[in-house]
Amino acid sequence: MDGWEAEREQLRMATRRAGSAAARLAFFARQLTPLMRALLLSGAAGFALFAVSSYWHDGQIALPSPALIAVMVALAVIAAASFVRLHPAQLSALGLLCVVVIELGIVLIGTVHAHGLAWVLPGLVLVPIAASPVWLTQRDFVLGTVACLLGPACLCWMLVPGPLVAVQYVVFMLLSLGLSLVIHVFMTRQLQAQLVLEQRLRIIAGTDDLTGIASRGRFFRLAREQVASSRRDYQVLGALYLDVDHFKRLNDEFGHAAGDHALVALAGTLRANLRAGDIIGRIGGEEFAVLLPGMDQGQATATAERLRVATAALPIHGGPITISVGVAALRRDDETPEALLDRADDALRQAKREGRNRVCTARRREPPASAETTGKVVHLPVVK
């Protein structure tokens, strides 16, 4: 199994379990952050309007208490903090904090308003309904629900309302929590389905349709990561560039279906004869590239020869196929996979010039000669 095939298998497993908890949390936070910011802003503004209206008496607005002003300031700070780049867990905690502060503010309003619980009941009902879409996890839903219930419970205990008001409160809160549960489950399932779809699309986008190995774009993305890793860790890295010999003639004589069958068989041979950490990609047409982490040029050449022999033994309609392979190894001045593969491509062209069905290695670059390294005096021409 090649490196890309191993990654595809990991993605399939991730799809089956709908992603890890951390990945799911990050995805939910990314999708819900704009909505969370809008709700925090509207919640802060709505509470301020609700608080000011509760102090409206006989056509005049009285000054809210210092405690209530502190609640409004705290909500404004929370809303502003949501626009800072936060970790998903921090963003979730910010949303739960907002619920707690709003509940505290509603309790303060209920204790000073003449109508008590009856006046603030709409606010108590709306809080869980408005907040439930942006609770990122089941834990957030449980904690948010508890916060939404504690505030009204404290208010009922402080005000000791009549039986009718208490019954109304219980009925409305049960309806509110039921609706918030429905909204939360619906949003969670929709986001879960979107996460699975994105993972599947990632697999499809990075896979060559015919052979099932990495596409050109995906191969070079993996190659850049591997080259950077090998350079950073001072590890050797081999590269193969291979091409099916006389592929056009195979298509012309036996049809494109035979050519497709040959490419699929070759891709299977590469997977079967390479390690799990090796990276295989179809670069275009009948051209393939392979990166071999931990292999120097000699080891990569031996691997290429093994692939050449295994390919010649494939049962292909129209007769056996052969491949030409160019081999190169990572150099210190190779900063990109393109530089490495260009040398492997040069070696591939050399293999074709020498008659095909063979392996050629890239020429090693010799250091420039100098007086210090050769021990000889270098005479420069005199310019007259």
# chains A, B, ... in the order shown; residues from 1 in each chain; ligands from 1

$ residues_around --residues "Gly298 in chain A" --least-positions-apart "4" --cutoff "9 Å" --atoms "only C-alpha atoms" --output "PyMOL selection string"
chain A and resi 238+302-303+329+361

$ write_last_selection --atoms "all heavy atoms" --output "JSON list (two decimals), in the first residue's frame"
[["chain", "number", "residue", "atom", "x", "y", "z"],
["A", 238, "GLY", "N", 14.78, 9.06, -2.43],
["A", 238, "GLY", "CA", 14.91, 8.66, -3.83],
["A", 238, "GLY", "C", 13.66, 9.00, -4.61],
["A", 238, "GLY", "O", 12.57, 9.13, -4.06],
["A", 302, "ALA", "N", 17.77, -0.10, -7.26],
["A", 302, "ALA", "CA", 17.39, -1.50, -7.08],
["A", 302, "ALA", "C", 15.87, -1.66, -7.06],
["A", 302, "ALA", "O", 15.32, -2.61, -7.63],
["A", 302, "ALA", "CB", 18.00, -2.04, -5.78],
["A", 303, "THR", "N", 15.18, -0.72, -6.43],
["A", 303, "THR", "CA", 13.72, -0.75, -6.41],
["A", 303, "THR", "C", 13.16, -0.57, -7.82],
["A", 303, "THR", "O", 12.21, -1.26, -8.22],
["A", 303, "THR", "CB", 13.18, 0.34, -5.49],
["A", 303, "THR", "OG1", 13.66, 0.12, -4.16],
["A", 303, "THR", "CG2", 11.66, 0.35, -5.48],
["A", 329, "ALA", "N", 18.25, 11.11, -6.71],
["A", 329, "ALA", "CA", 18.23, 11.21, -5.25],
["A", 329, "ALA", "C", 18.26, 12.68, -4.86],
["A", 329, "ALA", "O", 18.79, 13.53, -5.57],
["A", 329, "ALA", "CB", 19.41, 10.46, -4.65],
["A", 361, "THR", "N", 20.15, 6.11, -14.07],
["A", 361, "THR", "CA", 20.25, 6.99, -12.91],
["A", 361, "THR", "C", 20.74, 8.36, -13.33],
["A", 361, "THR", "O", 21.47, 8.51, -14.31],
["A", 361, "THR", "CB", 21.22, 6.41, -11.87],
["A", 361, "THR", "OG1", 22.50, 6.24, -12.47],
["A", 361, "THR", "CG2", 20.71, 5.07, -11.35]]

$ residues_around --residues "range 170-180 of chain A" --least-positions-apart "5" --cutoff "6 Å" --atoms "only C-alpha atoms" --output "JSON, numbers by chain"
{"A": [125, 128, 129, 132]}

$ closest_residue --among "A:Gly284, A:Pro315, A:Arg218, A:Asp345" --to "Ala205 in chain A" --atoms "only C-alpha atoms"
A:Arg218

$ closest_residue --among "A:Arg275, A:Arg331, A:Arg202, A:Arg356" --to "Ser215 in chain A" --atoms "only C-alpha atoms"
A:Arg202

$ closest_residue --among "A:Gly294, A:Ala51, A:Gly318, A:Ala312" --to "Asn251 in chain A" --atoms "only C-alpha atoms"
A:Gly318

$ atom_distance --atom1 "CA of Ser54 in chain A" --atom2 "CA of Ala80 in chain A"
24.8 Å

$ select_by_dssp --residues "range 68-149 of chain A" --states "helix (DSSP H, G or I)" --output "PyMOL selection string"
chain A and resi 68-81+88-112+117-134+138-149

$ atom_distance --atom1 "CA of Ile109 in chain A" --atom2 "CA of Leu136 in chain A"
29.2 Å

$ select_by_dssp --residues "range 153-288 of chain A" --states "strand (DSSP E)" --output "list in words"
Leu237, Gly238, Ala239, Leu240, Tyr241, Leu242, Asp243, Val244, Ile279, Ile280, Gly281, Arg282, Ile283, Gly284, Glu287 and Phe288 of chain A

$ closest_residue --among "A:Val73, A:Val227, A:Leu274, A:Leu195" --to "Phe27 in chain A" --atoms "only C-alpha atoms"
A:Leu195

$ atom_distance --atom1 "CA of Leu307 in chain A" --atom2 "CA of Gly255 in chain A"
24.9 Å

$ residues_around --residues "Gln31 in chain A" --least-positions-apart "4" --cutoff "12 Å" --atoms "only C-alpha atoms" --output "MDAnalysis selection string"
chainID A and resid 24:27 35:37 88 133:136 187:188 190:192 194:195

$ write_last_selection --atoms "C-alpha atoms" --output "compact mmCIF listing (two decimals), in the first residue's frame"
# COMPACT_ATOMS: atom_id res chain seq x y z
CA ARG A 24 -15.25 17.63 14.22
CA LEU A 25 -15.00 20.42 16.79
CA ALA A 26 -12.70 22.43 14.52
CA PHE A 27 -15.03 21.93 11.55
CA LEU A 35 -23.44 32.62 13.20
CA MET A 36 -22.04 32.67 16.73
CA ARG A 37 -20.67 36.17 16.26
CA PRO A 88 -12.84 26.22 19.09
CA PRO A 133 -27.63 26.33 17.10
CA VAL A 134 -24.11 27.34 18.11
CA TRP A 135 -23.42 24.83 20.86
CA LEU A 136 -20.55 22.93 19.28
CA MET A 187 -27.69 21.54 13.12
CA THR A 188 -25.31 18.86 14.42
CA GLN A 190 -26.38 18.70 9.03
CA LEU A 191 -22.82 19.70 9.87
CA GLN A 192 -21.86 16.06 10.38
CA GLN A 194 -21.29 18.16 5.43
CA LEU A 195 -18.07 17.05 7.14

$ residues_around --residues "Ile323 in chain A" --least-positions-apart "6" --cutoff "8 Å" --atoms "only C-alpha atoms" --output "ChimeraX atom specification"
/A:242-245,308,311-312,356-358

$ closest_residue --among "A:Gly206, A:Arg189, A:Pro122, A:Leu149" --to "Gln168 in chain A" --atoms "only C-alpha atoms"
A:Pro122

$ closest_residue --among "A:Pro66, A:Pro337, A:Gly259, A:Pro152" --to "Ile102 in chain A" --atoms "only C-alpha atoms"
A:Pro152
